[in-house]
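For reference, query-v9.txt (compact mmCIF, C-alpha atoms and all ligand atoms):
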```txt
# COMPACT_ATOMS: atom_id res chain seq x y z
CA MET Q 105 14.79 -5.08 6.21
CA SER Q 106 11.76 -7.00 5.00
CA LEU Q 107 12.13 -6.89 1.21
CA LEU Q 108 15.18 -6.60 -1.03
CA ILE Q 109 14.49 -5.37 -4.56
CA ALA Q 110 17.06 -5.43 -7.36
CA GLY Q 111 16.35 -3.86 -10.72
CA THR Q 112 16.89 -0.87 -12.94
CA ILE Q 113 16.61 2.79 -12.04
CA ALA Q 114 15.90 4.55 -15.30
CA LEU Q 115 15.19 7.69 -17.19
CA ASP Q 116 12.38 6.71 -19.56
CA THR Q 117 11.02 8.35 -22.68
CA VAL Q 118 7.48 7.13 -23.11
CA GLU Q 119 4.88 7.77 -25.79
CA THR Q 120 1.27 6.61 -25.47
CA PRO Q 121 -1.88 7.73 -27.32
CA PHE Q 122 -2.20 10.26 -24.47
CA GLY Q 123 1.12 12.07 -24.83
CA LYS Q 124 4.88 11.85 -24.86
CA LYS Q 125 7.17 12.42 -21.85
CA GLU Q 126 10.95 12.51 -22.01
CA ASN Q 127 13.49 11.46 -19.38
CA ILE Q 128 10.94 10.71 -16.70
CA LEU Q 129 11.59 8.61 -13.61
CA GLY Q 130 11.24 4.89 -14.32
CA GLY Q 131 12.99 1.57 -14.02
CA SER Q 132 11.88 -1.81 -12.81
CA ALA Q 133 13.29 -1.35 -9.28
CA VAL Q 134 11.65 2.05 -8.88
CA HIS Q 135 8.14 0.96 -9.89
CA ALA Q 136 8.41 -2.21 -7.78
CA ALA Q 137 9.86 -0.47 -4.72
CA ILE Q 138 7.29 2.30 -4.64
CA ALA Q 139 4.39 -0.18 -4.84
CA ALA Q 140 6.00 -2.41 -2.17
CA SER Q 141 6.70 0.54 0.14
CA PHE Q 142 2.97 0.74 0.97
CA TYR Q 143 3.31 -2.65 2.70
CA SER Q 144 6.85 -3.25 3.91
CA LYS Q 145 10.29 -1.80 4.45
CA VAL Q 146 12.19 -1.97 1.17
CA SER Q 147 15.89 -1.89 0.36
CA ILE Q 148 17.04 -1.35 -3.23
CA ILE Q 149 20.17 -2.65 -4.95
CA SER Q 150 20.75 -0.81 -8.23
CA ILE Q 151 22.95 1.68 -10.07
CA ILE Q 152 22.60 5.25 -11.37
CA GLY Q 153 24.85 7.65 -13.25
CA ALA Q 154 25.90 11.23 -12.54
CA ASP Q 155 23.01 12.54 -14.68
CA PHE Q 156 20.33 11.15 -12.36
CA PRO Q 157 18.26 14.00 -10.82
CA LEU Q 158 18.56 14.12 -7.03
CA LYS Q 159 14.87 15.00 -6.63
CA HIS Q 160 14.05 11.42 -7.67
CA LEU Q 161 16.25 10.04 -4.87
CA ASP Q 162 14.48 12.37 -2.42
CA PHE Q 163 11.15 10.95 -3.58
CA LEU Q 164 12.32 7.35 -3.00
CA ALA Q 165 13.75 8.28 0.40
CA SER Q 166 10.47 10.00 1.34
CA LYS Q 167 8.83 6.54 0.99
CA LYS Q 168 11.35 5.21 3.55
CA ILE Q 169 13.09 3.12 0.88
CA ASP Q 170 16.64 2.23 1.89
CA LEU Q 171 19.05 3.53 -0.77
CA SER Q 172 22.31 2.55 0.90
CA GLY Q 173 22.74 -0.21 -1.72
CA LEU Q 174 22.60 2.28 -4.57
CA ASN Q 175 25.77 2.53 -6.68
CA LYS Q 176 26.38 6.06 -7.92
CA THR Q 177 28.88 6.29 -10.76
CA SER Q 178 30.19 8.96 -13.11
CA GLY Q 179 28.54 7.29 -16.14
CA LYS Q 180 25.10 7.71 -17.69
CA THR Q 181 21.94 6.29 -16.12
CA PHE Q 182 20.13 3.36 -17.81
CA ARG Q 183 17.64 4.68 -20.38
CA TRP Q 184 14.63 3.07 -22.02
CA SER Q 185 12.47 4.58 -24.70
CA GLY Q 186 9.25 2.99 -25.87
CA TYR Q 187 5.78 3.57 -27.23
CA TYR Q 188 2.34 2.02 -27.03
CA GLU Q 189 -0.40 2.03 -29.65
CA TYR Q 190 -4.12 1.87 -28.92
CA ASP Q 191 -3.64 -1.68 -27.63
CA MET Q 192 -1.61 -0.55 -24.65
CA ASN Q 193 -0.95 -4.12 -23.48
CA GLN Q 194 2.06 -4.31 -25.77
CA ALA Q 195 5.12 -2.11 -25.16
CA HIS Q 196 7.26 -1.39 -28.24
CA THR Q 197 10.88 -0.62 -27.39
CA ARG Q 198 12.50 2.12 -29.48
CA ASP Q 199 15.82 2.16 -27.67
CA THR Q 200 17.54 0.56 -24.67
CA GLN Q 201 20.76 2.20 -23.46
CA LEU Q 202 22.28 -0.03 -20.81
CA ASN Q 203 24.93 2.60 -19.88
CA VAL Q 204 25.92 2.13 -16.20
CA LEU Q 205 24.24 -1.28 -16.14
CA LEU Q 206 27.21 -2.59 -18.15
CA GLU Q 207 29.54 -1.87 -15.23
CA PHE Q 208 27.15 -2.95 -12.45
CA ASP Q 209 28.73 -5.44 -10.07
CA PRO Q 210 26.23 -5.72 -7.20
CA ILE Q 211 27.76 -6.12 -3.73
CA LEU Q 212 25.13 -6.69 -1.06
CA SER Q 213 25.48 -5.24 2.44
CA GLU Q 214 25.31 -7.68 5.40
CA ASP Q 215 21.66 -6.69 5.94
CA GLN Q 216 20.82 -7.29 2.30
CA LYS Q 217 22.56 -10.69 2.31
CA ASN Q 218 20.23 -11.73 5.12
CA ALA Q 219 17.06 -10.67 3.29
CA GLU Q 220 14.35 -13.34 3.42
CA PHE Q 221 12.09 -11.93 0.73
CA VAL Q 222 13.78 -10.92 -2.49
CA PHE Q 223 12.41 -9.57 -5.74
CA LEU Q 224 14.71 -9.56 -8.76
CA ALA Q 225 12.94 -7.12 -11.01
CA ASN Q 226 13.63 -6.97 -14.71
CA LEU Q 227 17.43 -6.83 -15.03
CA ASP Q 228 20.31 -8.58 -16.77
CA PRO Q 229 20.00 -12.25 -15.65
CA GLU Q 230 23.76 -12.32 -15.04
CA ILE Q 231 23.33 -9.59 -12.44
CA GLN Q 232 20.27 -11.37 -11.01
CA LEU Q 233 22.48 -14.46 -10.54
CA LYS Q 234 25.23 -12.48 -8.80
CA ILE Q 235 22.64 -11.24 -6.31
CA ILE Q 236 21.11 -14.67 -5.68
CA ASN Q 237 24.57 -16.11 -5.02
CA GLN Q 238 25.17 -13.64 -2.17
CA LEU Q 239 21.93 -14.40 -0.30
CA LYS Q 240 22.41 -16.34 2.94
CA ALA Q 241 18.96 -17.76 3.81
CA PRO Q 242 16.27 -16.54 1.45
CA LYS Q 243 12.70 -17.72 2.17
CA PHE Q 244 11.11 -16.58 -1.08
CA ILE Q 245 12.74 -15.28 -4.26
CA ALA Q 246 10.70 -14.07 -7.21
CA ALA Q 247 12.05 -12.70 -10.47
CA ASP Q 248 10.75 -10.90 -13.52
CA THR Q 249 12.20 -10.68 -17.01
CA MET Q 250 11.39 -9.39 -20.49
CA ASP Q 251 11.87 -10.04 -24.23
CA PHE Q 252 15.20 -8.14 -24.27
CA TRP Q 253 16.81 -10.67 -21.89
CA ILE Q 254 14.99 -13.69 -23.35
CA LYS Q 255 16.53 -12.82 -26.73
CA ASN Q 256 19.99 -11.86 -25.47
CA LYS Q 257 20.64 -14.01 -22.36
CA ARG Q 258 18.39 -17.07 -22.60
CA GLU Q 259 20.86 -19.49 -20.97
CA LYS Q 260 21.56 -17.22 -18.00
CA LEU Q 261 17.83 -16.82 -17.55
CA HIS Q 262 17.51 -20.62 -17.29
CA GLU Q 263 20.14 -20.55 -14.54
CA VAL Q 264 18.16 -17.88 -12.67
CA ILE Q 265 14.99 -19.97 -12.93
CA LYS Q 266 16.70 -22.93 -11.24
CA LYS Q 267 17.46 -20.78 -8.20
CA ILE Q 268 14.21 -18.92 -7.59
CA ASP Q 269 10.72 -19.79 -6.32
CA TYR Q 270 8.39 -17.75 -8.55
CA LEU Q 271 8.73 -16.23 -12.01
CA LEU Q 272 6.55 -13.28 -12.99
CA ILE Q 273 6.33 -12.80 -16.74
CA ASN Q 274 3.88 -11.28 -19.19
CA GLU Q 275 1.88 -13.34 -21.62
CA SER Q 276 3.67 -12.45 -24.88
CA GLU Q 277 7.04 -12.99 -23.23
CA VAL Q 278 6.15 -16.40 -21.78
CA ARG Q 279 4.98 -17.52 -25.24
CA MET Q 280 8.26 -16.37 -26.72
CA PHE Q 281 10.38 -17.90 -23.94
CA MET Q 282 8.67 -21.32 -23.90
CA GLU Q 283 8.11 -21.34 -27.67
CA THR Q 284 4.40 -22.12 -27.57
CA PRO Q 285 1.28 -19.98 -28.09
CA ASN Q 286 -0.49 -21.97 -25.34
CA ILE Q 287 -0.21 -20.18 -21.97
CA PRO Q 288 -1.02 -23.15 -19.66
CA LEU Q 289 1.50 -25.26 -21.58
CA ALA Q 290 4.13 -22.51 -21.34
CA ALA Q 291 3.49 -22.32 -17.57
CA LYS Q 292 3.75 -26.10 -17.25
CA ARG Q 293 7.10 -26.08 -19.05
CA LEU Q 294 8.37 -23.41 -16.67
CA LEU Q 295 7.20 -25.38 -13.62
CA GLN Q 296 9.04 -28.41 -14.99
CA LEU Q 297 12.23 -26.35 -14.84
CA GLY Q 298 11.86 -26.34 -11.05
CA LEU Q 299 9.80 -23.25 -10.24
CA LYS Q 300 7.23 -23.41 -7.42
CA GLY Q 301 4.95 -20.92 -9.16
CA VAL Q 302 4.54 -18.91 -12.34
CA ILE Q 303 2.50 -15.72 -12.49
CA ILE Q 304 1.50 -14.64 -15.97
CA LYS Q 305 0.59 -10.98 -16.30
CA LYS Q 306 -2.06 -10.28 -18.90
CA GLY Q 307 -2.01 -6.49 -18.84
CA GLU Q 308 -5.49 -5.02 -18.44
CA HIS Q 309 -6.93 -8.57 -18.61
CA GLY Q 310 -5.70 -9.69 -15.20
CA ALA Q 311 -3.14 -12.27 -14.11
CA LEU Q 312 -2.90 -16.05 -13.85
CA LEU Q 313 -1.11 -18.13 -11.24
CA PHE Q 314 0.09 -21.62 -12.06
CA CYS Q 315 1.64 -23.89 -9.45
CA ASP Q 316 1.47 -27.53 -8.45
CA SER Q 317 -1.36 -27.23 -5.99
CA LEU Q 318 -3.48 -24.37 -7.27
CA HIS Q 319 -4.49 -22.34 -10.25
CA PHE Q 320 -5.81 -18.84 -9.70
CA SER Q 321 -7.15 -16.22 -12.05
CA ALA Q 322 -7.11 -12.57 -10.96
CA PRO Q 323 -9.81 -10.51 -12.65
CA SER Q 324 -9.17 -7.53 -14.86
CA TYR Q 325 -10.20 -4.13 -13.59
CA PRO Q 326 -12.49 -2.07 -15.85
CA GLN Q 327 -10.01 0.77 -16.02
CA GLU Q 328 -11.38 4.00 -17.44
CA ILE Q 329 -8.37 6.16 -16.57
CA PHE Q 330 -5.42 4.61 -18.39
CA TYR Q 331 -2.61 6.91 -19.56
CA ASP Q 332 0.64 4.97 -19.39
CA PRO Q 333 1.10 1.21 -18.81
CA THR Q 334 4.86 1.54 -18.16
CA GLY Q 335 5.71 -0.06 -14.85
CA ALA Q 336 2.40 -1.92 -14.50
CA GLY Q 337 4.22 -5.27 -14.28
CA ASP Q 338 6.71 -3.94 -11.76
CA SER Q 339 4.12 -2.32 -9.55
CA PHE Q 340 2.14 -5.59 -9.68
CA ALA Q 341 5.26 -7.39 -8.48
CA GLY Q 342 5.96 -4.72 -5.85
CA GLY Q 343 2.48 -5.03 -4.35
CA PHE Q 344 2.65 -8.85 -4.48
CA MET Q 345 6.08 -9.07 -2.85
CA GLY Q 346 5.51 -6.20 -0.41
CA TYR Q 347 2.45 -7.93 0.99
CA LEU Q 348 4.15 -11.34 1.24
CA ALA Q 349 7.16 -9.76 2.96
CA LYS Q 350 4.86 -8.01 5.41
CA THR Q 351 2.79 -11.10 6.28
CA LYS Q 352 5.62 -13.66 5.84
CA GLU Q 353 3.01 -16.25 4.99
CA LEU Q 354 3.15 -18.36 1.82
CA SER Q 355 -0.18 -20.19 2.16
CA ALA Q 356 -2.43 -20.46 -0.92
CA PRO Q 357 -5.03 -17.93 0.36
CA ASN Q 358 -2.30 -15.42 1.19
CA ILE Q 359 -0.67 -15.82 -2.24
CA ARG Q 360 -4.08 -15.18 -3.85
CA LYS Q 361 -4.54 -12.07 -1.75
CA ALA Q 362 -1.05 -10.88 -2.66
CA ILE Q 363 -1.90 -11.30 -6.36
CA ILE Q 364 -4.97 -9.08 -5.97
CA ILE Q 365 -2.87 -6.52 -4.11
CA GLY Q 366 -0.44 -6.62 -7.04
CA SER Q 367 -3.30 -6.07 -9.48
CA THR Q 368 -4.58 -3.20 -7.33
CA MET Q 369 -1.21 -1.42 -7.31
CA ALA Q 370 -0.77 -1.89 -11.08
CA SER Q 371 -4.24 -0.48 -11.72
CA PHE Q 372 -3.24 2.76 -9.98
CA ASN Q 373 0.19 3.00 -11.58
CA ILE Q 374 -1.25 3.16 -15.11
CA GLU Q 375 -3.51 6.10 -14.28
CA ASP Q 376 -0.70 8.56 -15.01
CA PHE Q 377 2.80 8.75 -16.49
CA SER Q 378 5.87 7.69 -14.52
CA LEU Q 379 5.17 7.44 -10.76
CA ASP Q 380 2.85 10.44 -10.71
CA ARG Q 381 -0.27 8.57 -9.56
CA MET Q 382 1.65 6.62 -6.92
CA LYS Q 383 2.94 9.89 -5.44
CA ILE Q 384 -0.56 10.87 -4.35
CA LEU Q 385 -2.05 7.42 -3.72
CA SER Q 386 -3.68 6.88 -0.31
CA ILE Q 387 -4.25 3.73 1.76
CA HIS Q 388 -7.96 4.51 1.71
CA GLU Q 389 -7.99 4.33 -2.13
CA ILE Q 390 -6.08 1.02 -2.07
CA LEU Q 391 -8.56 -0.54 0.36
CA ALA Q 392 -11.55 0.57 -1.72
CA ARG Q 393 -10.10 -0.77 -4.99
CA PHE Q 394 -9.03 -4.07 -3.43
CA ASP Q 395 -12.65 -4.55 -2.41
CA GLU Q 396 -13.85 -3.80 -5.92
CA PHE Q 397 -11.49 -6.50 -7.24
CA ARG Q 398 -12.94 -8.94 -4.70
CA LYS Q 399 -16.50 -8.19 -5.79
CA PHE Q 400 -15.69 -8.60 -9.51
CA SER Q 401 -14.78 -12.24 -9.04
CA GLU Q 402 -17.38 -13.26 -6.48
CA PHE Q 403 -20.07 -15.65 -7.67
CA GLU Q 404 -22.22 -18.40 -6.19
CA SER Q 405 -21.91 -22.11 -6.81
CA LEU Q 406 -24.14 -23.56 -9.55
CA THR Q 407 -25.74 -25.86 -6.96
CA HIS Q 408 -27.74 -22.83 -5.72
CA THR Q 409 -29.63 -22.77 -9.04
CA GLN Q 410 -33.23 -24.05 -9.12
CA TRP Q 411 -33.32 -26.55 -12.00
CA VAL Q 412 -36.56 -26.91 -14.04
P1 LIG Q 501 7.06 -2.85 -17.07
O1 LIG Q 501 6.53 -3.09 -15.70
O2 LIG Q 501 7.39 -4.12 -17.78
O3 LIG Q 501 6.20 -1.90 -17.87
O4 LIG Q 501 8.51 -2.14 -16.88
C1 LIG Q 501 8.77 -0.84 -17.28
C2 LIG Q 501 10.13 -0.38 -16.78
O5 LIG Q 501 11.14 -1.33 -17.15
C3 LIG Q 501 10.52 0.94 -17.42
O6 LIG Q 501 10.42 1.98 -16.46
C4 LIG Q 501 11.95 0.73 -17.94
O7 LIG Q 501 12.86 1.68 -17.48
C5 LIG Q 501 12.35 -0.65 -17.46
N1 LIG Q 501 13.04 -1.42 -18.49
C6 LIG Q 501 12.87 -1.36 -19.83
N2 LIG Q 501 13.69 -2.23 -20.46
C7 LIG Q 501 14.41 -2.86 -19.50
C8 LIG Q 501 15.41 -3.88 -19.51
N3 LIG Q 501 15.86 -4.42 -20.65
N4 LIG Q 501 15.91 -4.30 -18.32
C9 LIG Q 501 15.46 -3.77 -17.17
N5 LIG Q 501 14.53 -2.80 -17.08
C10 LIG Q 501 13.98 -2.35 -18.23
```
Output the file's structure in the form of structure tokens.
Ligand code: AMP
Amino acid sequence: MSLLIAGTIALDTVETPFGKKENILGGSAVHAAIAASFYSKVSIISIIGADFPLKHLDFLASKKIDLSGLNKTSGKTFRWSGYYEYDMNQAHTRDTQLNVLLEFDPILSEDQKNAEFVFLANLDPEIQLKIINQLKAPKFIAADTMDFWIKNKREKLHEVIKKIDYLLINESEVRMFMETPNIPLAAKRLLQLGLKGVIIKKGEHGALLFCDSLHFSAPSYPQEIFYDPTGAGDSFAGGFMGYLAKTKELSAPNIRKAIIIGSTMASFNIEDFSLDRMKILSIHEILARFDEFRKFSEFESLTHTQWV
């Protein structure tokens, strides 16, 4: 296996200015795994209840995602319900039903324990810790989180941060977590906790990387088709981690490239509800959009200017 992804598998109810959909396929692990599956072999560790439609498992399996680490219980699947207003950068949670997540005790298979690249998608930090503690020789661990866990499990989240390499977090959540409105300062405080890198997701305005040796700003994509931002952060992470797991190279240029791949995958995910756009996405489309991203941020040095 090249990439282990832990996170939620969910039935989401989502309302945006473009419509409302109930009980659709979602979850942090699902969005991340589908995006990553374009680049590397993915294995999921997660939990579902008896109410989870089998057609969704068939879809994940059709992307060659390994589901042997999926716990199937008699309970109810994790559910999230939220809405977005015209500023679709901000998700508003209406309801979170943890359901089977409350009984989730992740036990990794031997293969999963040996995973070198690991993405801990948005999930209870206590469960994220249980997974980290079973890994034998990880090369690169990244994790995501959100306001729900920052509010409810702040201390456990600090423990997670001490054991991972990169944290991916969105801009309003990093402000809340580090208790400052200043993003570079919030990133600096996170790096001081021992992280090698912090990626701050700014919704449709791009992403920022902070680490000791480099700072990188990924451009925003002028998105005209934008129906549902749910899962944008997870598909960003999936593209980022999928590409790193495929290339196994953690050099600065490769990390930058992985960030643009993440942005590319997120830009497709938001074009429709749930995973509907990702279901029909082609490699050809990914290549073309990646190139557009590259062109948006290309400019010459000021030394080429003729001064009067
Ligand atoms: P994002 O990429 O941040 O838009 O993530 C959206 C996905 O996160 C949705 O499909 C939800 O099912 C899932 N989600 C919502 N709340 C939580 C939570 N507290 N923990 C883990 N996953 C969540």
* Name each residue within 7 Å of ligand LIG 501 (chain Q), counting all atoms listed in the file, as a ChimeraX atom specification. => /Q:111-116,130-132,183-184,200,226-228,250,252-253,333-339
* To do: Go through Q:Ala195, Q:Leu379, Q:Val204, Q:Leu313 and flag the residue nearest Ser276 of chain Q, using all atoms listed in the file for the distances.
  =>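 Closest to Ser276 of chain Q, using all atoms listed in the file: Q:Ala195.
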* Find, counting only C-alpha atoms, the residue in Q:Glu275, Q:Glu283, Q:Asp209, Q:Asp191 that gets nearest to Ala311 of chain Q. => Q:Glu275
* Gap from atom CA of Asp155 of chain Q to atom CA of Leu174 of chain Q - Å, one decimal -> 14.4 Å
Hey, can you pull every residue with an atom no more than 7 Å from (10.4, -0.9, 3.4), using only C-alpha atoms, and send it as an mmCIF file with C-alpha atoms, in the coordinates of the input?
```
data_model
loop_
_atom_site.group_PDB
_atom_site.id
_atom_site.type_symbol
_atom_site.label_atom_id
_atom_site.label_comp_id
_atom_site.auth_asym_id
_atom_site.auth_seq_id
_atom_site.Cartn_x
_atom_site.Cartn_y
_atom_site.Cartn_z
ATOM 1 C CA MET Q 105 14.790 -5.080 6.210
ATOM 2 C CA SER Q 106 11.760 -7.000 5.000
ATOM 3 C CA LEU Q 107 12.130 -6.890 1.210
ATOM 4 C CA SER Q 141 6.700 0.540 0.140
ATOM 5 C CA SER Q 144 6.850 -3.250 3.910
ATOM 6 C CA LYS Q 145 10.290 -1.800 4.450
ATOM 7 C CA VAL Q 146 12.190 -1.970 1.170
ATOM 8 C CA SER Q 147 15.890 -1.890 0.360
ATOM 9 C CA LYS Q 168 11.350 5.210 3.550
ATOM 10 C CA ILE Q 169 13.090 3.120 0.880
#
```
* To do: Name all residues at most 8 Å from Ile138 of chain Q (count only C-alpha atoms; drop same-chain ones fewer than 6 positions away) and give them as a list of chain:residue names.
  =>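 What passes the distance filter is Q:Leu164, Q:Lys167, Q:Ser339, Q:Gly342, Q:Met382.
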* Mind pulling up the distance from atom CA of Ala246 of chain Q to atom CA of Leu312 of chain Q? ->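 Straight-line distance from atom CA of Leu312 of chain Q to atom CA of Ala246 of chain Q works out to 15.3 Å.
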* To do: Please work out which residues fall within 12 Å of (16.0, 11.6, -18.0), coordinates as given in the file, with all atoms listed in the file counting, and return them as a ChimeraX atom specification.
  => /Q:113-118,125-131,152-160,180-185,201,378
* To do: Rank nothing, just name the residue among Q:Lys383, Q:Arg198, Q:Lys399, Q:Lys124 nearest to Ala139 of chain Q, using all atoms listed in the file.
  =>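 Smallest separation from Ala139 of chain Q among the options: Q:Lys383.
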* **segment 240-245 of chain Q environment, 6 Å, all atoms listed in the file, sequence neighbours closer than 3 positions dropped, as a list of chain:residue names** =>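 Once the nearby chain positions are removed, what remains is Q:Lys217, Q:Asn218, Q:Glu220, Q:Phe221, Q:Val222, Q:Phe223, Q:Ile268, Q:Asp269.
All residues of protein, DNA or RNA that reach within 8 Å of Asn175 of chain Q, judged by all atoms listed in the file and not counting those fewer than 4 positions away in the chain, are Q:Ile149, Q:Ser150, Q:Ile151, Q:Ile152.
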* Straight-line distance linking atom CA of Ile287 of chain Q with atom CA of Ile363 of chain Q, stated in Å to one decimal ->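 Answer for the atom CA of Ile287 of chain Q to atom CA of Ile363 of chain Q separation: 18.0 Å.
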* With distances taken over all atoms listed in the file, which of Q:Thr120, Q:Thr177, Q:Thr409, Q:Gln327 is nearest to Thr368 of chain Q? ->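 Among the listed residues, the smallest separation from Thr368 of chain Q belongs to Q:Gln327.
Nearest residue to Leu261 of chain Q among Q:Cys315, Q:Leu239, Q:Ile365, Q:Leu297 is Q:Leu297, counting only C-alpha atoms.
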Could you add N, CA and C atoms to segment 163-174 of chain Q and give me the result as a PDB file, in the frame of the given file?
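result-v8.pdb, written as the output of this step:
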```
ATOM      1  N   PHE Q 163      12.495  11.553  -3.540  1.00  0.00           N
ATOM      2  CA  PHE Q 163      11.150  10.950  -3.580  1.00  0.00           C
ATOM      3  C   PHE Q 163      11.202   9.514  -3.027  1.00  0.00           C
ATOM      4  N   LEU Q 164      12.204   8.740  -3.481  1.00  0.00           N
ATOM      5  CA  LEU Q 164      12.320   7.350  -3.000  1.00  0.00           C
ATOM      6  C   LEU Q 164      12.565   7.330  -1.490  1.00  0.00           C
ATOM      7  N   ALA Q 165      13.431   8.228  -1.037  1.00  0.00           N
ATOM      8  CA  ALA Q 165      13.750   8.280   0.400  1.00  0.00           C
ATOM      9  C   ALA Q 165      12.515   8.694   1.206  1.00  0.00           C
ATOM     10  N   SER Q 166      11.669   9.541   0.609  1.00  0.00           N
ATOM     11  CA  SER Q 166      10.470  10.000   1.340  1.00  0.00           C
ATOM     12  C   SER Q 166       9.509   8.823   1.574  1.00  0.00           C
ATOM     13  N   LYS Q 167       9.657   7.750   0.793  1.00  0.00           N
ATOM     14  CA  LYS Q 167       8.830   6.540   0.990  1.00  0.00           C
ATOM     15  C   LYS Q 167       9.546   5.541   1.889  1.00  0.00           C
ATOM     16  N   LYS Q 168      10.566   6.019   2.581  1.00  0.00           N
ATOM     17  CA  LYS Q 168      11.350   5.210   3.550  1.00  0.00           C
ATOM     18  C   LYS Q 168      12.058   4.035   2.868  1.00  0.00           C
ATOM     19  N   ILE Q 169      12.367   4.180   1.596  1.00  0.00           N
ATOM     20  CA  ILE Q 169      13.090   3.120   0.880  1.00  0.00           C
ATOM     21  C   ILE Q 169      14.585   3.290   1.164  1.00  0.00           C
ATOM     22  N   ASP Q 170      15.220   2.186   1.550  1.00  0.00           N
ATOM     23  CA  ASP Q 170      16.640   2.230   1.890  1.00  0.00           C
ATOM     24  C   ASP Q 170      17.469   2.271   0.594  1.00  0.00           C
ATOM     25  N   LEU Q 171      18.264   3.346   0.462  1.00  0.00           N
ATOM     26  CA  LEU Q 171      19.050   3.530  -0.770  1.00  0.00           C
ATOM     27  C   LEU Q 171      20.540   3.309  -0.528  1.00  0.00           C
ATOM     28  N   SER Q 172      20.875   2.703   0.613  1.00  0.00           N
ATOM     29  CA  SER Q 172      22.310   2.550   0.900  1.00  0.00           C
ATOM     30  C   SER Q 172      22.976   1.571  -0.073  1.00  0.00           C
ATOM     31  N   GLY Q 173      22.176   0.748  -0.746  1.00  0.00           N
ATOM     32  CA  GLY Q 173      22.740  -0.210  -1.720  1.00  0.00           C
ATOM     33  C   GLY Q 173      22.751   0.341  -3.131  1.00  0.00           C
ATOM     34  N   LEU Q 174      22.634   1.665  -3.246  1.00  0.00           N
ATOM     35  CA  LEU Q 174      22.600   2.280  -4.570  1.00  0.00           C
ATOM     36  C   LEU Q 174      24.013   2.673  -5.004  1.00  0.00           C
TER      37      LEU Q 174
END
```
